[in-house]
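Next comes entry.cif, with mmCIF, C-alpha atoms (C1' of nucleotides).
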data_run
loop_
_atom_site.label_atom_id
_atom_site.label_comp_id
_atom_site.auth_asym_id
_atom_site.auth_seq_id
_atom_site.Cartn_x
_atom_site.Cartn_y
_atom_site.Cartn_z
CA MET E 1378 -11.74 -0.74 37.59
CA GLY E 1379 -12.26 1.93 35.00
CA PRO E 1380 -11.06 3.18 31.63
CA THR E 1381 -7.42 3.27 30.69
CA GLY E 1382 -5.24 6.11 31.85
CA CYS E 1383 -7.57 7.60 34.42
CA GLY E 1384 -5.43 6.96 37.48
CA LYS E 1385 -6.52 3.61 38.88
CA SER E 1386 -3.03 2.48 39.80
CA GLY E 1387 -2.26 5.71 41.55
CA LEU E 1388 -5.33 5.52 43.73
CA ALA E 1389 -4.58 1.95 44.66
CA LEU E 1390 -1.07 2.92 45.57
CA GLY E 1391 -2.46 5.65 47.75
CA LEU E 1392 -4.37 3.06 49.72
CA ALA E 1393 -1.34 0.86 50.01
CA GLN E 1394 0.72 3.73 51.31
CA ASP E 1395 -1.62 5.36 53.75
CA PHE E 1396 -3.27 2.50 55.48
CA PRO E 1397 -0.68 0.07 56.64
CA ALA E 1398 1.27 3.07 57.89
CA SER E 1399 -1.56 4.00 60.18
CA GLY E 1400 -1.88 0.53 61.59
CA GLY E 1401 -4.35 -0.89 59.06
CA ARG E 1402 -4.28 -4.16 57.22
CA PRO E 1403 -1.42 -4.59 54.73
CA VAL E 1404 -2.52 -4.33 51.17
CA CYS E 1405 -1.31 -5.97 47.97
CA VAL E 1406 -2.09 -5.12 44.38
CA ILE E 1407 -3.17 -7.67 41.79
CA ASN E 1408 -3.19 -6.84 38.12
CA ALA E 1409 -6.51 -7.05 36.28
CA ASP E 1410 -5.30 -5.83 32.95
CA SER E 1411 -4.82 -8.12 30.00
CA ARG E 1412 -1.84 -6.18 28.61
CA GLN E 1413 0.11 -5.45 31.74
CA VAL E 1414 0.95 -9.12 32.05
CA TYR E 1415 3.42 -8.79 29.19
CA ARG E 1416 7.07 -8.66 30.11
CA ASP E 1417 8.32 -6.82 27.06
CA PHE E 1418 6.11 -3.73 27.37
CA PRO E 1419 6.24 -2.41 30.92
CA LEU E 1420 6.24 1.20 29.81
CA ILE E 1421 3.83 1.09 26.88
CA THR E 1422 1.23 -0.86 28.81
CA ALA E 1423 1.65 1.48 31.79
CA GLN E 1424 2.66 -1.09 34.36
CA PRO E 1425 3.62 0.30 37.77
CA ASP E 1426 7.36 0.95 37.79
CA ALA E 1427 9.87 -0.50 40.23
CA SER E 1428 9.52 2.17 42.87
CA GLU E 1429 5.75 1.93 42.75
CA GLN E 1430 5.89 -1.83 43.04
CA ASN E 1431 8.08 -1.36 46.09
CA VAL E 1432 5.28 0.26 48.01
CA CYS E 1433 3.52 -3.05 48.48
CA PRO E 1434 3.51 -6.49 46.88
CA HIS E 1435 2.36 -6.47 43.25
CA HIS E 1436 1.21 -9.59 41.45
CA LEU E 1437 0.65 -10.70 37.86
CA TYR E 1438 2.55 -7.87 36.24
CA GLY E 1439 5.02 -8.24 33.41
CA PHE E 1440 5.67 -11.96 33.56
CA LEU E 1441 4.60 -13.17 30.13
CA PRO E 1442 6.69 -13.14 26.93
CA SER E 1443 5.15 -11.55 23.84
CA GLU E 1444 4.60 -14.80 22.03
CA SER E 1445 2.50 -16.29 24.83
CA LYS E 1446 -1.22 -16.07 24.90
CA MET E 1447 -3.25 -14.93 27.86
CA SER E 1448 -6.92 -15.62 28.30
CA ALA E 1449 -9.77 -14.78 30.59
CA GLY E 1450 -10.01 -18.33 31.87
CA ASN E 1451 -6.32 -18.46 32.50
CA TYR E 1452 -6.40 -15.19 34.26
CA ALA E 1453 -9.25 -16.22 36.52
CA VAL E 1454 -7.29 -19.25 37.70
CA MET E 1455 -4.09 -17.33 38.27
CA ALA E 1456 -5.76 -14.45 40.05
CA ALA E 1457 -7.74 -16.80 42.28
CA GLU E 1458 -4.49 -18.44 43.35
CA VAL E 1459 -2.84 -15.14 44.11
CA ILE E 1460 -5.85 -13.98 46.08
CA ALA E 1461 -5.87 -17.16 48.15
CA ARG E 1462 -2.18 -16.80 48.88
CA SER E 1463 -2.54 -13.14 49.78
CA HIS E 1464 -5.37 -13.85 52.15
CA ALA E 1465 -3.33 -16.58 53.80
CA GLN E 1466 -0.53 -14.09 54.34
CA GLY E 1467 -2.84 -11.51 55.81
CA PHE E 1468 -2.96 -9.13 52.87
CA LEU E 1469 -6.01 -7.36 51.57
CA PRO E 1470 -5.90 -7.88 47.80
CA ILE E 1471 -6.77 -4.94 45.61
CA LEU E 1472 -7.53 -5.78 42.02
CA VAL E 1473 -6.51 -3.01 39.68
CA GLY E 1474 -7.24 -2.99 36.00
CA GLY E 1475 -9.54 -2.25 33.15
CA THR E 1476 -10.09 -5.59 31.48
CA GLY E 1477 -13.76 -6.09 32.21
CA LEU E 1478 -13.95 -9.65 30.96
CA TYR E 1479 -11.04 -10.76 33.13
CA ILE E 1480 -12.59 -9.27 36.23
CA LYS E 1481 -15.93 -10.80 35.38
CA SER E 1482 -14.40 -14.23 34.84
CA LEU E 1483 -12.65 -14.06 38.17
CA LEU E 1484 -15.58 -12.78 40.18
CA GLU E 1485 -18.54 -14.38 38.45
CA GLY E 1486 -16.92 -17.41 36.93
CA ILE E 1487 -16.45 -18.55 33.37
CA ALA E 1488 -17.62 -21.70 31.63
CA PRO E 1489 -15.27 -24.61 32.41
CA ILE E 1490 -14.45 -25.29 28.79
CA PRO E 1491 -11.40 -27.51 28.37
CA PRO E 1492 -8.63 -26.25 26.11
CA VAL E 1493 -9.21 -26.85 22.43
CA GLU E 1494 -6.51 -28.50 20.36
CA ALA E 1495 -4.46 -26.00 18.41
CA ALA E 1496 -4.96 -27.94 15.20
CA ILE E 1497 -8.72 -27.56 15.48
CA SER E 1498 -8.52 -23.81 16.03
CA ARG E 1499 -6.17 -23.46 13.14
CA ARG E 1500 -8.50 -25.31 10.83
CA TRP E 1501 -11.40 -23.01 11.66
CA GLN E 1502 -9.22 -19.98 11.12
CA GLU E 1503 -8.30 -21.28 7.72
CA ARG E 1504 -11.89 -21.96 6.85
CA ALA E 1505 -12.80 -18.45 7.95
CA ASP E 1506 -10.09 -17.11 5.63
CA ALA E 1507 -11.35 -19.17 2.77
CA GLU E 1508 -15.12 -18.98 3.22
CA GLY E 1509 -15.65 -15.85 5.25
CA ALA E 1510 -17.25 -15.47 8.64
CA PRO E 1511 -20.88 -15.32 7.47
CA ALA E 1512 -20.64 -18.75 5.84
CA LEU E 1513 -19.31 -20.23 9.07
CA HIS E 1514 -22.01 -18.43 10.99
CA ARG E 1515 -24.62 -20.24 8.89
CA LEU E 1516 -22.92 -23.50 9.77
CA LEU E 1517 -22.95 -22.56 13.43
CA SER E 1518 -26.66 -21.80 13.22
CA GLU E 1519 -27.31 -25.41 12.34
CA HIS E 1520 -25.52 -26.78 15.39
CA ASP E 1521 -25.89 -24.07 18.01
CA PRO E 1522 -28.76 -21.82 16.98
CA LEU E 1523 -28.96 -20.31 20.46
CA TYR E 1524 -25.48 -18.85 20.40
CA ALA E 1525 -25.53 -18.10 16.68
CA ALA E 1526 -28.55 -15.89 17.24
CA LYS E 1527 -26.63 -13.86 19.80
CA ILE E 1528 -23.68 -12.96 17.63
CA HIS E 1529 -23.33 -11.18 14.31
CA PRO E 1530 -22.41 -13.19 11.20
CA ASN E 1531 -19.42 -10.91 10.66
CA ASP E 1532 -18.01 -11.53 14.08
CA ARG E 1533 -15.33 -13.89 12.95
CA GLN E 1534 -13.64 -14.17 16.31
CA ARG E 1535 -16.76 -15.36 18.08
CA VAL E 1536 -17.99 -17.52 15.21
CA THR E 1537 -14.74 -19.46 15.00
CA ARG E 1538 -14.47 -19.76 18.75
CA ALA E 1539 -17.94 -21.28 19.01
CA LEU E 1540 -17.18 -23.72 16.22
CA GLU E 1541 -13.86 -24.84 17.63
CA VAL E 1542 -15.42 -25.44 21.03
CA LEU E 1543 -18.21 -27.40 19.41
CA GLU E 1544 -15.78 -29.58 17.52
CA GLY E 1545 -13.24 -29.86 20.31
CA THR E 1546 -15.66 -30.76 23.09
CA GLY E 1547 -18.67 -32.15 21.27
CA LYS E 1548 -20.89 -29.73 23.16
CA ALA E 1549 -22.41 -26.48 21.99
CA PHE E 1550 -20.94 -23.23 23.16
CA SER E 1551 -24.30 -22.20 24.59
CA TRP E 1552 -24.42 -25.45 26.57
CA TRP E 1553 -21.07 -24.60 28.11
CA HIS E 1554 -22.24 -21.14 29.02
CA ALA E 1555 -25.04 -22.64 31.01
CA GLN E 1556 -22.40 -24.44 33.10
CA THR E 1557 -20.93 -21.21 34.40
CA ALA E 1558 -20.80 -21.06 38.18
CA GLY E 1559 -22.22 -17.58 38.34
CA SER E 1560 -21.92 -16.75 42.00
CA CYS E 1561 -19.13 -14.67 43.44
CA PRO E 1562 -17.03 -16.41 46.08
CA TYR E 1563 -15.54 -13.19 47.39
CA ASP E 1564 -16.63 -10.31 49.53
CA VAL E 1565 -15.91 -7.55 47.04
CA LEU E 1566 -16.21 -3.83 46.95
CA LYS E 1567 -16.19 -2.62 43.36
CA ILE E 1568 -14.88 0.83 42.70
CA GLY E 1569 -15.09 2.48 39.31
CA VAL E 1570 -12.51 5.15 38.64
CA GLY E 1571 -13.37 7.37 35.76
CA LEU E 1572 -13.60 10.69 34.02
CA PRO E 1573 -15.80 11.86 31.17
CA LEU E 1574 -14.15 11.13 27.83
CA GLU E 1575 -13.67 14.82 27.04
CA GLU E 1576 -11.59 15.17 30.15
CA LEU E 1577 -9.79 11.90 29.71
CA THR E 1578 -8.69 12.43 26.10
CA PRO E 1579 -6.06 15.13 26.72
CA LEU E 1580 -4.70 13.07 29.58
CA LEU E 1581 -4.33 10.10 27.26
CA GLY E 1582 -2.40 12.26 24.80
CA ALA E 1583 -0.11 13.54 27.52
CA ARG E 1584 0.46 10.01 28.72
CA ILE E 1585 1.54 8.90 25.26
CA ASP E 1586 4.00 11.78 25.03
CA LYS E 1587 5.37 10.86 28.40
CA MET E 1588 5.79 7.25 27.32
CA LEU E 1589 7.61 8.34 24.19
CA ALA E 1590 9.85 10.63 26.23
CA ARG E 1591 10.65 7.82 28.62
CA GLY E 1592 11.74 5.44 25.91
CA ALA E 1593 8.68 3.74 24.45
CA LEU E 1594 10.46 3.56 21.11
CA GLU E 1595 13.44 1.78 22.61
CA GLU E 1596 11.14 -0.57 24.46
CA ALA E 1597 9.34 -1.46 21.26
CA SER E 1598 12.50 -2.01 19.26
CA VAL E 1599 13.95 -4.27 21.93
CA ALA E 1600 10.66 -6.15 22.03
CA ARG E 1601 10.83 -6.48 18.28
CA GLU E 1602 14.18 -8.18 18.55
CA LEU E 1603 12.85 -10.59 21.14
CA CYS E 1604 9.72 -11.32 19.16
CA GLY E 1605 9.50 -10.01 15.64
CA ASP E 1606 6.09 -11.43 14.89
CA ALA E 1607 3.63 -8.55 14.70
CA LYS E 1608 0.80 -11.02 15.12
CA ALA E 1609 2.10 -12.31 18.46
CA PRO E 1610 -0.29 -11.78 21.38
CA GLY E 1611 1.97 -9.30 23.14
CA TRP E 1612 2.03 -7.02 20.13
CA SER E 1613 -1.70 -6.53 20.02
CA GLY E 1614 -1.64 -3.89 22.74
CA ILE E 1615 -2.49 -0.34 21.77
CA GLY E 1616 0.73 1.56 21.34
CA CYS E 1617 2.67 -1.63 20.76
CA ALA E 1618 0.98 -2.26 17.43
CA GLU E 1619 1.38 1.33 16.25
CA LEU E 1620 5.03 1.48 17.29
CA TYR E 1621 5.64 -1.74 15.45
CA GLN E 1622 4.26 -0.17 12.29
CA TYR E 1623 6.51 2.83 12.80
CA LEU E 1624 9.57 0.66 13.36
CA ALA E 1625 8.69 -1.31 10.26
CA GLY E 1626 8.68 1.96 8.30
CA GLU E 1627 5.00 1.78 7.45
CA ILE E 1628 3.98 5.03 9.11
CA SER E 1629 5.66 8.19 10.36
CA LEU E 1630 6.13 8.94 14.02
CA ASP E 1631 3.41 11.59 13.86
CA GLU E 1632 0.96 9.15 12.33
CA CYS E 1633 1.96 6.62 14.92
CA ARG E 1634 1.22 9.01 17.74
CA GLU E 1635 -2.10 10.01 16.23
CA LEU E 1636 -3.24 6.42 15.71
CA TRP E 1637 -2.04 5.49 19.14
CA LEU E 1638 -4.12 8.23 20.72
CA ASN E 1639 -7.20 7.54 18.60
CA HIS E 1640 -7.09 3.86 19.42
CA THR E 1641 -6.54 4.52 23.09
CA ARG E 1642 -9.49 6.88 23.22
CA ALA E 1643 -11.74 4.48 21.37
CA TYR E 1644 -10.70 1.77 23.77
CA ALA E 1645 -11.47 3.94 26.78
CA LYS E 1646 -14.91 4.51 25.34
CA ARG E 1647 -15.46 0.79 24.92
CA GLN E 1648 -14.42 0.25 28.50
CA LEU E 1649 -16.84 2.90 29.67
CA THR E 1650 -19.62 1.15 27.75
CA TRP E 1651 -18.71 -2.15 29.33
CA PHE E 1652 -18.59 -0.84 32.87
CA LYS E 1653 -21.81 1.05 32.35
CA GLY E 1654 -23.46 -2.28 31.66
CA GLN E 1655 -22.06 -3.93 34.78
CA GLU E 1656 -23.88 -3.95 38.06
CA THR E 1657 -23.39 -1.11 40.44
CA LEU E 1658 -19.94 0.26 40.82
CA GLU E 1659 -19.02 2.99 43.25
CA TRP E 1660 -17.82 5.62 40.80
CA VAL E 1661 -15.19 8.12 41.84
CA ARG E 1662 -13.10 10.72 40.08
CA PRO E 1663 -9.39 10.07 40.39
CA ASP E 1664 -8.72 13.65 41.44
CA ALA E 1665 -11.35 13.84 44.14
CA GLY E 1666 -9.12 12.84 47.03
CA PRO E 1667 -8.03 9.65 48.78
CA LEU E 1668 -10.22 6.64 48.12
CA VAL E 1669 -11.10 5.94 51.74
CA LYS E 1670 -12.73 9.32 51.97
CA LEU E 1671 -14.71 8.83 48.77
CA VAL E 1672 -16.01 5.33 49.04
CA PRO E 1673 -18.37 4.56 51.85
CA GLY E 1674 -17.75 1.13 53.23
CA LEU E 1675 -14.15 0.90 52.11
CA GLU E 1676 -12.68 1.58 55.50
CA LYS E 1677 -14.02 -1.56 57.12
CA TYR E 1678 -11.95 -3.65 54.72
CA LEU E 1679 -8.79 -1.80 55.58
CA VAL E 1680 -8.78 -2.01 59.34
CA ASN E 1681 -7.70 -5.16 61.04
"C1'" G F 315 3.24 36.00 -16.46
"C1'" G F 316 3.00 30.80 -18.88
"C1'" U F 317 1.84 25.47 -18.66
"C1'" G F 318 -0.10 21.31 -16.05
"C1'" G F 319 -2.81 19.30 -11.74
"C1'" G F 320 -6.49 20.31 -8.18
"C1'" G F 321 -10.79 22.46 -4.93
"C1'" U F 322 -16.56 16.75 -2.99
"C1'" U F 323 -20.40 16.06 2.94
"C1'" C F 324 -16.22 16.95 10.25
"C1'" C F 325 -11.24 14.80 7.89
"C1'" C F 326 -8.95 11.71 4.01
"C1'" G F 327 -10.85 10.20 -0.51
"C1'" A F 328 -13.95 7.78 -4.84
"C1'" G F 329 -17.25 9.58 -8.22
"C1'" U F 330 -16.74 12.64 -15.31
"C1'" G F 331 -24.67 13.61 -17.56
"C1'" G F 332 -29.77 10.31 -14.85
"C1'" C F 333 -29.32 4.20 -10.93
"C1'" C F 334 -25.96 10.40 -6.16
"C1'" A F 335 -27.37 12.72 -0.06
"C1'" A F 336 -22.99 11.03 -3.21
"C1'" A F 337 -18.36 4.42 -2.75
"C1'" G F 338 -14.54 3.42 0.83
"C1'" G F 339 -11.78 4.68 5.12
"C1'" G F 340 -11.14 7.72 9.50
"C1'" A F 341 -13.28 10.58 13.36
"C1'" A F 342 -17.76 11.19 16.29
"C1'" C F 343 -22.10 9.14 18.82
"C1'" A F 344 -24.72 4.78 20.58
"C1'" G F 345 -24.26 -0.39 21.57
"C1'" A F 346 -22.85 -5.81 21.94
"C1'" C F 347 -19.46 -8.76 24.60
"C1'" U F 348 -17.98 -16.24 28.41
"C1'" G F 349 -10.36 -18.50 26.97
"C1'" U F 350 -7.46 -13.11 21.16
"C1'" A F 351 -11.10 -8.67 25.30
"C1'" A F 352 -5.76 -2.72 24.70
"C1'" A F 353 -9.35 -8.08 21.05
"C1'" U F 354 -13.69 -8.77 17.95
"C1'" C F 355 -18.22 -7.03 16.14
"C1'" U F 356 -22.99 -3.96 15.27
"C1'" G F 357 -26.04 0.51 14.37
"C1'" U F 358 -26.31 5.84 13.27
"C1'" C F 359 -23.60 9.46 10.87
"C1'" G F 360 -26.54 16.75 5.38
"C1'" U F 361 -31.45 18.97 7.47
"C1'" C F 362 -36.59 17.98 8.89
"C1'" U F 363 -39.69 13.30 9.95
"C1'" G F 364 -42.00 7.90 13.94
"C1'" A F 365 -42.12 6.44 8.96
"C1'" C F 366 -43.44 7.09 3.59
"C1'" G F 367 -41.15 11.29 2.09
"C1'" A F 368 -39.75 16.41 1.57
"C1'" C F 369 -35.81 19.87 1.36
"C1'" U F 370 -30.59 21.86 0.88
"C1'" U F 371 -25.44 20.21 -0.73
"C1'" C F 372 -20.01 18.70 -4.26
"C1'" G F 373 -14.97 26.57 -4.52
"C1'" G F 374 -18.23 31.02 -6.75
"C1'" U F 375 -21.42 33.00 -10.54
"C1'" G F 376 -23.84 32.32 -14.97
"C1'" G F 377 -25.06 28.94 -18.88
"C1'" U F 378 -26.20 24.16 -21.91
"C1'" U F 379 -29.75 20.04 -20.90
"C1'" C F 380 -36.06 17.03 -19.65
"C1'" A F 381 -31.84 16.01 -16.08
"C1'" A F 382 -25.26 18.59 -13.79
"C1'" A F 383 -20.72 16.94 -8.40
"C1'" U F 384 -20.12 15.38 -13.47
"C1'" C F 385 -20.49 19.48 -19.84
"C1'" C F 386 -19.35 25.03 -21.24
"C1'" A F 387 -17.77 30.26 -19.86
"C1'" C F 388 -15.81 33.57 -16.59
"C1'" C F 389 -14.02 34.36 -11.65
"C1'" C F 390 -11.64 33.01 -6.75
"C1'" C F 391 -8.17 29.91 -4.09
"C1'" C F 392 -4.31 25.79 -3.70
"C1'" C F 393 -0.16 22.79 -5.64
"C1'" A F 394 3.78 21.60 -9.22
"C1'" C F 395 6.87 23.04 -12.96
"C1'" C F 396 8.55 26.86 -16.41
"C1'" A F 397 9.70 32.06 -16.29
#
Here is a file; write its structure as C-alpha cells.
Amino acid sequence: MGPTGCGKSGLALGLAQDFPASGGRPVCVINADSRQVYRDFPLITAQPDASEQNVCPHHLYGFLPSESKMSAGNYAVMAAEVIARSHAQGFLPILVGGTGLYIKSLLEGIAPIPPVEAAISRRWQERADAEGAPALHRLLSEHDPLYAAKIHPNDRQRVTRALEVLEGTGKAFSWWHAQTAGSCPYDVLKIGVGLPLEELTPLLGARIDKMLARGALEEASVARELCGDAKAPGWSGIGCAELYQYLAGEISLDECRELWLNHTRAYAKRQLTWFKGQETLEWVRPDAGPLVKLVPGLEKYLVN
RNA sequence: GGUGGGGUUCCCGAGUGGCCAAAGGGAACAGACUGUAAAUCUGUCGUCUGACGACUUCGGUGGUUCAAAUCCACCCCCCACCA
C-alpha cells in the first residue's frame, strides 16, 4: 500500500515475475484500489494493462460499470473470497492498492451493518439538501451522541450515513461499530511504498501526460457515452471528473490537466496521512531495488 | 500621442473613508476517517507572541483627514480601443 502513482503495481509485478521463475510459490495480485474496479476507466485509474496482467493472475480489476457503486464492506467480502480461492489454488495473494479503508475493512473487519433501503438514504439526502448538514447533526446528537461527537457538523456524508443506518436498522451507528470483529484472520506482511510528496509530484504530472498521450480523452468520451451521468460512482475518480468537465466544455484542456494534477497530489497527501496513522508498515522506496531485498521477512512467504 | 479599464496578502479575486491583516476560492501545511474513501470533512495560513496584544502591508511618492486599500496630485507598469 502507499500513495497513488508511486510504483506499487510495478513492485508487485516484480515479485510475480522473479519468484515463481526461481522455483518459489506462484503469486497473484488482488486489487485494493477503489477506482481500479471500474471497467470504463482502465487507463485513467492506472489499472495494470493486458501484458502486465499476463504476468500472473490479477483479480478485482476493471469489472464494474460506472453506474454501479462499490463500498468498503462489499470490497471486503469480495476480496476475502478471492483470497480464499487463491490460497486453495496454491497462490500467494498480494494485495496492491492505496485505498486505506478497503484494506482496513478486509484485514480488520467492518461493522456488519445490513444494507439500508435506497428510499431511506434518498430521504436523508433530501433533508440534508433542504436543512443543511449541521441541522441533521443536531438531530443525530439526540439519538447517537457518541458518534455525533466524533464527527463534524459539516460532514454531510457521515452525518447522513449515521442517520440512515439508525433509521434503517433501529440501532445507533456507534452501536454497530462496537460489533466490528477487529482481529485479522490473515498472516499479513504490510509493505508501504512511498516517496516524499516533493519527489512524487513531478511523477504524478508525468503520469497524467502519459495517460493523455495514451488516449485518456478517448477513454473518457467513450465512458461518457456509456454513462453520461457525471454523478455516477465511476465518474468520481480523479482525472475522470476533470475530463468530464473538459468534455462538457466547462474547462479548457490546460485547466483540466492542472486540476487533475492538483487533485491527485492532494489525494496522495491524504493517503500519506492515512497510512502514517496506521500501525507499522515496512516502508520502502519504489526505486530502491527488488522488494525481496528490501523487506526483511518477505522471502519466507515466497518460498514453498 | 489620445481615451477608457486596471495594478490588493503565494495565485485568482472581493473590498470605494473607520466595523480591514483585508470576504470568497485555490495552493500550501497539519489533521480526521467503519458501506460514496481517487469520497467527505476539520484546523492553520502577513510578522512577532503561549496568549492578551504589538508591529508591517493593498504599484511608487507626496498630500487631504482625528482616521486611507478606499479621497486628491504626480509618477511607474499592464490591458483595450482610437491614432
Who sits within 9 Å of stretch 366-374 of chain F, only C-alpha atoms (C1' of nucleotides), same chain under 4 positions skipped, as a ChimeraX atom specification: /F:321-323,335-336,360-362,383,389-391
Give me, as CSV, the closest atom pair and its distance (Å, one decimal) for every residue of chain E within a cut-off of 7 Å of chain F, counting only C-alpha atoms (C1' of nucleotides), rows sorted by chain and rising number.
residue,atom,partner,partner_atom,distance
E:Arg1412,CA,F:A352,C1',6.5
E:Ser1448,CA,F:G349,C1',4.7
E:Ala1449,CA,F:G349,C1',5.2
E:Gly1450,CA,F:G349,C1',4.9
E:Asn1451,CA,F:G349,C1',6.8
E:Thr1476,CA,F:A351,C1',7.0
E:Leu1478,CA,F:A351,C1',6.4
E:Ile1487,CA,F:U348,C1',5.7
E:Ala1488,CA,F:U348,C1',6.3
E:His1529,CA,F:C355,C1',6.8
E:Asn1531,CA,F:C355,C1',6.8
E:Asp1532,CA,F:C355,C1',5.0
E:Gln1534,CA,F:U354,C1',5.6
E:His1554,CA,F:U348,C1',6.5
E:Gly1614,CA,F:A352,C1',4.7
E:Ile1615,CA,F:A352,C1',5.0
E:Tyr1644,CA,F:A352,C1',6.7
For the structure shown, which residues end up in the PyMOL selection byres ((chain E and resi 1379) around 12)? Put them as an NGL selection string, please? :E and (1378 or 1380-1386 or 1388 or 1409-1410 or 1472-1477 or 1480 or 1567-1574 or 1577 or 1644-1653 or 1655 or 1658-1663)
Take every atom of stretch 344-355 of chain F listed in the file, fit an axis-aligned box around them, add 6 Å per side, and give the centre and edge lengths in Å to one decimal as lines of an AutoDock Vina configuration file.
center_x = -15.2
center_y = -6.9
center_z = 22.3
size_x = 31.0
size_y = 35.3
size_z = 24.3
Residues at most 12 Å from F:C396, counting all atoms listed in the file, excluding those fewer than 6 positions away in the same chain, as a VMD selection string? chain F and resid 315 to 318
Residue selection dump (C-alpha atoms (C1' of nucleotides)) as a compact mmCIF listing (two decimals), keeping the file's coordinate frame:
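Done, and the output landed in result-v6.txt:
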# COMPACT_ATOMS: atom_id res chain seq x y z
C1' G F 315 3.24 36.00 -16.46
C1' G F 316 3.00 30.80 -18.88
C1' U F 317 1.84 25.47 -18.66
C1' G F 318 -0.10 21.31 -16.05
Could you check the closest approach to E:Lys1677 for each of E:Leu1540, E:Val1565, E:Pro1610, E:Glu1494 and tell me which residue wins, using only C-alpha atoms? E:Val1565
Output of the PyMOL selection byres ((chain E and resi 1518) around 12), listed as a PyMOL selection string: chain E and resi 1511-1517+1519-1530+1536+1539-1540+1543+1549-1551
Check which residues satisfy the PyMOL selection byres ((chain E and resi 1432) around 8) in the file shown, then give them as a PyMOL selection string. chain E and resi 1390+1393-1394+1428-1431+1433-1434
Can you work out which one of E:Leu1437, E:Ala1389, E:Leu1581, E:Met1447 has the shortest atom-to-atom distance to E:Pro1667, counting all atoms listed in the file?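 Closest to E:Pro1667 of all the choices is E:Ala1389.
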Would you mind reading off the distance between atom CA of E:Ala1453 and atom CA of E:Trp1553, one decimal, in Å?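 A separation of 16.8 Å between them.
A straight line drawn from atom CA of E:Pro1403 to atom CA of E:Phe1468 is 5.1 Å long.
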Would you list the residues near (-16.2, 14.6, -9.8), meaning any protein, DNA or RNA residue with an atom at most 7 Å from that point in file coordinates, counting all atoms listed in the file, as a VMD selection string? chain F and resid 329 to 330 383 to 384
Tell me, as a PyMOL selection string, which residues lie within 12 Å of stretch 377-380 of chain F, counting only C-alpha atoms (C1' of nucleotides); anything in the same chain fewer than 6 positions away does not count. chain F and resi 331-332+386-388
To one decimal in Å, tell me the separation between atom CA of E:Pro1489 and atom CA of E:Ala1558.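 Taking atom CA of E:Pro1489 and atom CA of E:Ala1558, their separation equals 8.7 Å.
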Final N, CA, C and O atoms of stretch 1430-1441 of chain E as a PDB file, keeping the file's coordinate frame:
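Output file result.pdb is given in full below:
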ATOM      1  N   GLN E1430       6.110  -0.446  42.613  1.00  0.00           N
ATOM      2  CA  GLN E1430       5.890  -1.830  43.040  1.00  0.00           C
ATOM      3  C   GLN E1430       6.542  -2.118  44.382  1.00  0.00           C
ATOM      4  O   GLN E1430       6.248  -3.124  45.018  1.00  0.00           O
ATOM      5  N   ASN E1431       7.438  -1.202  44.791  1.00  0.00           N
ATOM      6  CA  ASN E1431       8.080  -1.360  46.090  1.00  0.00           C
ATOM      7  C   ASN E1431       7.175  -0.981  47.257  1.00  0.00           C
ATOM      8  O   ASN E1431       7.429  -1.348  48.392  1.00  0.00           O
ATOM      9  N   VAL E1432       6.158  -0.224  46.950  1.00  0.00           N
ATOM     10  CA  VAL E1432       5.280   0.260  48.010  1.00  0.00           C
ATOM     11  C   VAL E1432       4.565  -0.892  48.704  1.00  0.00           C
ATOM     12  O   VAL E1432       4.367  -0.879  49.916  1.00  0.00           O
ATOM     13  N   CYS E1433       4.172  -1.874  47.912  1.00  0.00           N
ATOM     14  CA  CYS E1433       3.520  -3.050  48.480  1.00  0.00           C
ATOM     15  C   CYS E1433       3.682  -4.180  47.469  1.00  0.00           C
ATOM     16  O   CYS E1433       4.084  -3.933  46.345  1.00  0.00           O
ATOM     17  N   PRO E1434       3.366  -5.410  47.857  1.00  0.00           N
ATOM     18  CA  PRO E1434       3.510  -6.490  46.880  1.00  0.00           C
ATOM     19  C   PRO E1434       2.600  -6.283  45.673  1.00  0.00           C
ATOM     20  O   PRO E1434       1.457  -5.878  45.831  1.00  0.00           O
ATOM     21  N   HIS E1435       3.137  -6.532  44.490  1.00  0.00           N
ATOM     22  CA  HIS E1435       2.360  -6.470  43.250  1.00  0.00           C
ATOM     23  C   HIS E1435       2.395  -7.838  42.587  1.00  0.00           C
ATOM     24  O   HIS E1435       3.449  -8.476  42.549  1.00  0.00           O
ATOM     25  N   HIS E1436       1.262  -8.261  42.053  1.00  0.00           N
ATOM     26  CA  HIS E1436       1.210  -9.590  41.450  1.00  0.00           C
ATOM     27  C   HIS E1436       0.657  -9.537  40.017  1.00  0.00           C
ATOM     28  O   HIS E1436      -0.148  -8.681  39.691  1.00  0.00           O
ATOM     29  N   LEU E1437       1.125 -10.492  39.234  1.00  0.00           N
ATOM     30  CA  LEU E1437       0.650 -10.700  37.860  1.00  0.00           C
ATOM     31  C   LEU E1437       0.991  -9.562  36.903  1.00  0.00           C
ATOM     32  O   LEU E1437       0.283  -9.329  35.936  1.00  0.00           O
ATOM     33  N   TYR E1438       2.076  -8.887  37.178  1.00  0.00           N
ATOM     34  CA  TYR E1438       2.550  -7.870  36.240  1.00  0.00           C
ATOM     35  C   TYR E1438       3.772  -8.380  35.493  1.00  0.00           C
ATOM     36  O   TYR E1438       4.649  -9.014  36.079  1.00  0.00           O
ATOM     37  N   GLY E1439       3.814  -8.092  34.190  1.00  0.00           N
ATOM     38  CA  GLY E1439       5.020  -8.240  33.410  1.00  0.00           C
ATOM     39  C   GLY E1439       5.735  -9.572  33.502  1.00  0.00           C
ATOM     40  O   GLY E1439       6.952  -9.610  33.613  1.00  0.00           O
ATOM     41  N   PHE E1440       5.016 -10.661  33.429  1.00  0.00           N
ATOM     42  CA  PHE E1440       5.670 -11.960  33.560  1.00  0.00           C
ATOM     43  C   PHE E1440       5.628 -12.787  32.284  1.00  0.00           C
ATOM     44  O   PHE E1440       6.261 -13.813  32.173  1.00  0.00           O
ATOM     45  N   LEU E1441       4.872 -12.326  31.287  1.00  0.00           N
ATOM     46  CA  LEU E1441       4.600 -13.170  30.130  1.00  0.00           C
ATOM     47  C   LEU E1441       5.343 -12.664  28.894  1.00  0.00           C
ATOM     48  O   LEU E1441       5.306 -11.479  28.590  1.00  0.00           O
TER      49      LEU E1441
END
